[in-house]
Number of protein chains: 2
Amino acid sequence: MPYYIGDVIKDEKQLIARTPEQFAKSGIDVRLNSRVDAIDTTARCVLLASGERISYDQLVMGTGSEATMPSLPGIELPGVFKLKSLVDATRIKTHVRENRCRKAVIVGAGFIAMEMSESLRICGLDTSVVYRGDRPVRRWDPVFSDMIRKELDHHGVSFIAHTTPLAVEQNGGGSALRLVTNDGALEADLVLFALGVRPQTHLAAEIGLALGQTGAIAVDSCQQTSQEGIYAVGDCCEVFNRVSGRWTYTPLGDVANKQGRVAGANLTGGSRSFPGIVGAQAFKVFGLDVAATGLNEDEASKAGFDPVSGTIEGTPTAKSLSRGEQLKIKMIADRKTGKLLGAQAAGVKGAVNRINTLSVCLWQGMTIDDVGYLDLAYAPPYGGAWDPIHICAQNVRRKM
Amino acid sequence: MPYYIGDVIKDEKQLIARTPEQFAKSGIDVRLNSRVDAIDTTARCVLLASGERISYDQLVMGTGSEATMPSLPGIELPGVFKLKSLVDATRIKTHVRENRCRKAVIVGAGFIAMEMSESLRICGLDTSVVYRGDRPVRRWDPVFSDMIRKELDHHGVSFIAHTTPLAVEQNGGGSALRLVTNDGALEADLVLFALGVRPQTHLAAEIGLALGQTGAIAVDSCQQTSQEGIYAVGDCCEVFNRVSGRWTYTPLGDVANKQGRVAGANLTGGSRSFPGIVGAQAFKVFGLDVAATGLNEDEASKAGFDPVSGTIEGTPTAKSLSRGEQLKIKMIADRKTGKLLGAQAAGVKGAVNRINTLSVCLWQGMTIDDVGYLDLAYAPPYGGAWDPIHICAQNVRRKM
């Protein structure tokens, strides 16, 4: 039976679907709060911090990622958070409640920052997003960032661009903390750093597993690392992007789940290969659905394509039923082959529907011409007889 | 310039996007209220009821379909309607308003009947759906019909099964009409027959165009009929189903639009072929989204496949965000090849998203195994890390 060695979880037993005791009944030995200090690949055993050695026939690295935290003065002050695990989430909730927080500052502008700006605002906090760049969620093009900024504005979240944090300090005034930046200071009862994650590869490097160009553990399509019998899955390893044809670092929960199942099949005698991803992603910020798949133009150029793009403003319903809801879609195709390379969408509704549909087109390497004549489920509450997908595809095609 | 000869429209000029005068400015001669009595294919001209002859180089048959109306006593009484055109719709609205209608009976239980039951109920009418079969919308399996019946019940629409209309009569009592059936009579101020459509092929048959097995005009992938230079598009002609590999009669607005564009390209010197359909459809009835694509099990068996199916009850959001909304999905695959053959879905939201995604899988002939590992945009407001699509595909795969 394989061993599962859990993450360090303190007093959070209620969060676990099955307890170690329940696992034990199925003959599975689960050790929580058990840090692995070293791995002896010759003797095939792992060494726990407690001194115990556990032998293995096959090993799965599921060491995950760690949240990026800058080394700023005051970063360890109470009220300064990251959001990586469920434990972080409950700590944030407890802090907000127990300290009757009124002001929150989020540093970073990726989709975790967007989602948290909504959550904190809904909790009644005065919320600001501070970002060194000029616009939120870089993966999306400016036409979509503008929609997101408007949505933040509309819900009272202030987006503060071109601003870099320098220190967190204790505050004498109304709020507990001050975030000092290159452009003045912001008061806050809670400072959340949402600066992305990086793969935890310390143990992997120690035993000489090959890392990819992204810095994450290199794996093959069976999720096996450079050493036979050692697999890696989830946020600690790379994943193959079918559109760019390259190994990428895409630490997302759905990808991790699929990799886990593939590795599980292979190390228990089965044979399954992970087909890769196309880069489908989505998030919700207040009333706006935001989604993307495949490559944006920068990524497409870097991957050696000659991108042509088109953006259209459609409606998520037939025009006869429209109440003015927007659904903006952008598609990117390769001039030489006509293949779809990527898409972005945002709107009050319907964005994720379109991006999922286009993700299958990318998965299969379809051309923009094919996409323009797809058979989609037409009914006025869900779109026009020509769906925004068709209209956008034909727009791109005319430019090629 | 091609001629466009319009449907018979009386006093409904306000419904037309462009008037004949506006078309004329672009050099296009549009004749409304101009019935074509005959076509002379040797002389290449059409004969109008007015006696005028209009010559052509190429001809497009866009004669559409007509609503099926049974030959029952009283079918011509005021207050008895079909719903085929915009004119029918405005007549129904006018009748409801001017006669202060209180009771409506709909005969038939396809998706037009479902949509109209919602519209009439919203207008405040006591609404019944009368159907000779046992359940609404036959294309969907009983597990979905049950959801639809519950939705009708919940909104006060009564569904009367196993009931066949025999006559419409004038009524002495509170309502203007009585629908006499094999199981008693129903009072109504409005009776709507929603029994589907059949292709209008009278002119086509007269000039010897080949009809397909479905009774609609046979076309090739360029939308050309059996006679060179004569094209057919829309509800009067057949369409190729990529999943069954057969020509079918699928009179839907989105299909007609695409066929029109293909024919237009070909008769003006271009070269475009219509890639066919997979059978994607959707409708909304009150708060329920209902969608399907590909083949159901009956259709799959008839098309020579060995269908295996699985149905799962998922949620349209991650479970952590679920408020109990259902999203039921059924998938059908071929035991021999593993290919996806069809899918059905219904739920408060998310059904159309899944059916569109699966429509592309059908379009490309993907296997159920591929579908189980698709990269879809994951975020908790839109589904779990394993989407209902993945879960259902893996459910079907285990049965193969």
# chains A, B, ... in the order shown; residues from 1 in each chain; ligands from 1
>>> residues_around(residues="Val180 of chain B", least_positions_apart="5", cutoff="8 Å", atoms="only C-alpha atoms", output="PyMOL selection string")
chain B and resi 165-169+185-186
>>> interface_residues(of="chain B", to="chain A", cutoff="6 Å", atoms="only C-alpha atoms", output="list of chain:residue names")
B:Asp254, B:Ile277, B:Ala280, B:Gln281, B:Ala282, B:Phe283, B:Asn353, B:Asn356, B:Thr357, B:Asp375, B:Leu376, B:Ala377, B:Tyr378, B:Ala379, B:Ala385
>>> atom_distance(atom1="atom CA of Leu209 of chain B", atom2="atom CA of Ser221 of chain B")
15.9 Å
>>> residues_around(residues="segment 89-105 of chain A", least_positions_apart="2", cutoff="7 Å", atoms="only C-alpha atoms", output="list in words")
Leu83, Ser85, Leu86, Val87, Val107, Leu125, Asp126, Thr127, Ser128, Val129, Ala188, Asp189, Leu190, Val191 and Leu192 of chain A
>>> select_by_dssp(residues="segment 143-365 of chain A", states="helix (DSSP H, G or I)", output="ChimeraX atom specification")
/A:143-154,202-206,234-236,253-267,297-302,319-321,351-363
>>> atom_distance(atom1="atom CA of Ser119 of chain B", atom2="atom CA of Lys328 of chain B")
24.7 Å
>>> residues_around(residues="segment 54-57 of chain B", least_positions_apart="5", cutoff="7 Å", atoms="only C-alpha atoms", output="list in words")
Arg44, Cys45, Val46 and Leu47 of chain B
>>> select_by_dssp(residues="segment 138-277 of chain A", states="strand (DSSP E)", output="PyMOL selection string")
chain A and resi 158-160+165-170+177-181+184-188+190-193+197-199+230-232+239-241+246-248
>>> write_last_selection(atoms="C-alpha atoms", output="compact mmCIF listing (two decimals), in the first residue's frame")
# COMPACT_ATOMS: atom_id res chain seq x y z
CA SER A 158 -9.61 50.80 -5.53
CA PHE A 159 -6.96 49.61 -7.94
CA ILE A 160 -3.64 51.35 -7.30
CA PRO A 165 5.44 47.86 -1.41
CA LEU A 166 8.55 48.72 0.60
CA ALA A 167 7.62 47.73 4.16
CA VAL A 168 4.81 46.87 6.53
CA GLU A 169 4.80 48.88 9.75
CA GLN A 170 2.73 49.00 12.89
CA LEU A 177 -0.81 48.44 10.05
CA ARG A 178 0.66 50.69 7.35
CA LEU A 179 1.86 49.42 4.00
CA VAL A 180 4.68 51.74 2.98
CA THR A 181 5.08 51.97 -0.80
CA GLY A 184 3.17 56.93 0.10
CA ALA A 185 1.64 54.70 2.76
CA LEU A 186 -1.72 52.90 3.01
CA GLU A 187 -3.42 52.10 6.31
CA ALA A 188 -4.70 48.55 6.70
CA LEU A 190 -5.03 43.28 6.97
CA VAL A 191 -2.36 43.05 4.26
CA LEU A 192 -2.62 40.12 1.86
CA PHE A 193 0.30 39.27 -0.43
CA VAL A 197 3.45 30.66 -6.25
CA ARG A 198 6.65 28.80 -7.03
CA PRO A 199 7.20 25.05 -7.02
CA ILE A 230 9.63 8.35 -8.68
CA TYR A 231 6.57 10.27 -9.89
CA ALA A 232 5.62 13.90 -9.42
CA VAL A 239 2.77 20.15 -17.45
CA PHE A 240 2.74 19.86 -21.24
CA ASN A 241 0.86 22.57 -23.13
CA ARG A 246 6.13 23.21 -24.57
CA TRP A 247 6.40 22.14 -20.95
CA THR A 248 5.01 24.88 -18.74
>>> residues_around(residues="segment 135-145 of chain A", least_positions_apart="3", cutoff="6 Å", atoms="only C-alpha atoms", output="ChimeraX atom specification")
/A:109-110,148
>>> closest_residue(among="B:Asp369, B:Ile389, B:Arg397, B:Val130", to="Lys330 of chain B", atoms="only C-alpha atoms")
B:Ile389
>>> atom_distance(atom1="atom CA of Ser117 of chain B", atom2="atom CA of Arg149 of chain B")
11.8 Å
>>> residues_around(residues="Gly196 of chain A", least_positions_apart="4", cutoff="9 Å", atoms="only C-alpha atoms", output="PDB file with N, CA and C atoms, in the first residue's frame")
ATOM      1  N   GLU A  66       4.831  26.979  -3.018  1.00  0.00           N
ATOM      2  CA  GLU A  66       4.745  27.896  -1.887  1.00  0.00           C
ATOM      3  C   GLU A  66       4.428  29.299  -2.406  1.00  0.00           C
ATOM      4  N   ALA A  67       3.677  30.021  -1.610  1.00  0.00           N
ATOM      5  CA  ALA A  67       3.321  31.382  -2.006  1.00  0.00           C
ATOM      6  C   ALA A  67       4.570  32.262  -1.978  1.00  0.00           C
ATOM      7  N   THR A  68       4.717  33.075  -2.985  1.00  0.00           N
ATOM      8  CA  THR A  68       5.833  34.011  -3.053  1.00  0.00           C
ATOM      9  C   THR A  68       5.618  35.114  -2.023  1.00  0.00           C
ATOM     10  N   MET A  69       6.601  35.300  -1.120  1.00  0.00           N
ATOM     11  CA  MET A  69       6.510  36.394  -0.151  1.00  0.00           C
ATOM     12  C   MET A  69       7.788  37.222  -0.265  1.00  0.00           C
ATOM     13  N   GLY A 108      -0.594  42.660  -5.299  1.00  0.00           N
ATOM     14  CA  GLY A 108      -0.651  41.723  -6.420  1.00  0.00           C
ATOM     15  C   GLY A 108      -1.991  41.862  -7.110  1.00  0.00           C
ATOM     16  N   GLY A 110      -3.247  39.239  -9.604  1.00  0.00           N
ATOM     17  CA  GLY A 110      -3.621  38.030 -10.337  1.00  0.00           C
ATOM     18  C   GLY A 110      -5.026  37.622  -9.964  1.00  0.00           C
ATOM     19  N   ILE A 112      -6.129  35.377  -7.840  1.00  0.00           N
ATOM     20  CA  ILE A 112      -6.379  35.217  -6.401  1.00  0.00           C
ATOM     21  C   ILE A 112      -6.638  36.603  -5.778  1.00  0.00           C
TER      22      ILE A 112
END
>>> decode(residues="segment 340-354 of chain B", atoms="N, CA and C atoms", output="PDB file, in the first residue's frame")
ATOM      1  N   LEU B 340     -17.554   9.128 -28.275  1.00  0.00           N
ATOM      2  CA  LEU B 340     -18.737   9.807 -27.763  1.00  0.00           C
ATOM      3  C   LEU B 340     -19.773   9.873 -28.881  1.00  0.00           C
ATOM      4  N   LEU B 341     -21.041   9.580 -28.546  1.00  0.00           N
ATOM      5  CA  LEU B 341     -22.117   9.619 -29.542  1.00  0.00           C
ATOM      6  C   LEU B 341     -23.149  10.701 -29.257  1.00  0.00           C
ATOM      7  N   GLY B 342     -23.272  11.080 -27.976  1.00  0.00           N
ATOM      8  CA  GLY B 342     -24.285  12.081 -27.666  1.00  0.00           C
ATOM      9  C   GLY B 342     -24.278  12.437 -26.199  1.00  0.00           C
ATOM     10  N   ALA B 343     -25.010  13.504 -25.873  1.00  0.00           N
ATOM     11  CA  ALA B 343     -25.114  13.936 -24.478  1.00  0.00           C
ATOM     12  C   ALA B 343     -26.392  14.734 -24.288  1.00  0.00           C
ATOM     13  N   GLN B 344     -26.905  14.675 -23.084  1.00  0.00           N
ATOM     14  CA  GLN B 344     -28.080  15.450 -22.694  1.00  0.00           C
ATOM     15  C   GLN B 344     -27.770  16.082 -21.342  1.00  0.00           C
ATOM     16  N   ALA B 345     -28.352  17.248 -21.093  1.00  0.00           N
ATOM     17  CA  ALA B 345     -28.108  17.903 -19.811  1.00  0.00           C
ATOM     18  C   ALA B 345     -29.267  18.817 -19.462  1.00  0.00           C
ATOM     19  N   ALA B 346     -29.509  18.971 -18.178  1.00  0.00           N
ATOM     20  CA  ALA B 346     -30.508  19.933 -17.712  1.00  0.00           C
ATOM     21  C   ALA B 346     -30.128  20.395 -16.318  1.00  0.00           C
ATOM     22  N   GLY B 347     -30.402  21.659 -16.047  1.00  0.00           N
ATOM     23  CA  GLY B 347     -30.097  22.188 -14.731  1.00  0.00           C
ATOM     24  C   GLY B 347     -30.445  23.656 -14.644  1.00  0.00           C
ATOM     25  N   VAL B 348     -30.306  24.197 -13.447  1.00  0.00           N
ATOM     26  CA  VAL B 348     -30.610  25.608 -13.224  1.00  0.00           C
ATOM     27  C   VAL B 348     -29.647  26.484 -14.024  1.00  0.00           C
ATOM     28  N   LYS B 349     -28.410  26.025 -14.151  1.00  0.00           N
ATOM     29  CA  LYS B 349     -27.449  26.688 -15.031  1.00  0.00           C
ATOM     30  C   LYS B 349     -26.355  25.699 -15.406  1.00  0.00           C
ATOM     31  N   GLY B 350     -25.595  26.036 -16.433  1.00  0.00           N
ATOM     32  CA  GLY B 350     -24.439  25.215 -16.780  1.00  0.00           C
ATOM     33  C   GLY B 350     -24.703  24.117 -17.794  1.00  0.00           C
ATOM     34  N   ALA B 351     -25.972  23.874 -18.161  1.00  0.00           N
ATOM     35  CA  ALA B 351     -26.261  22.780 -19.096  1.00  0.00           C
ATOM     36  C   ALA B 351     -25.769  23.099 -20.510  1.00  0.00           C
ATOM     37  N   VAL B 352     -26.008  24.330 -20.958  1.00  0.00           N
ATOM     38  CA  VAL B 352     -25.635  24.692 -22.321  1.00  0.00           C
ATOM     39  C   VAL B 352     -24.116  24.729 -22.474  1.00  0.00           C
ATOM     40  N   ASN B 353     -23.428  25.229 -21.458  1.00  0.00           N
ATOM     41  CA  ASN B 353     -21.967  25.219 -21.428  1.00  0.00           C
ATOM     42  C   ASN B 353     -21.449  23.809 -21.702  1.00  0.00           C
ATOM     43  N   ARG B 354     -21.947  22.829 -20.959  1.00  0.00           N
ATOM     44  CA  ARG B 354     -21.450  21.455 -21.112  1.00  0.00           C
ATOM     45  C   ARG B 354     -21.802  20.883 -22.482  1.00  0.00           C
TER      46      ARG B 354
END
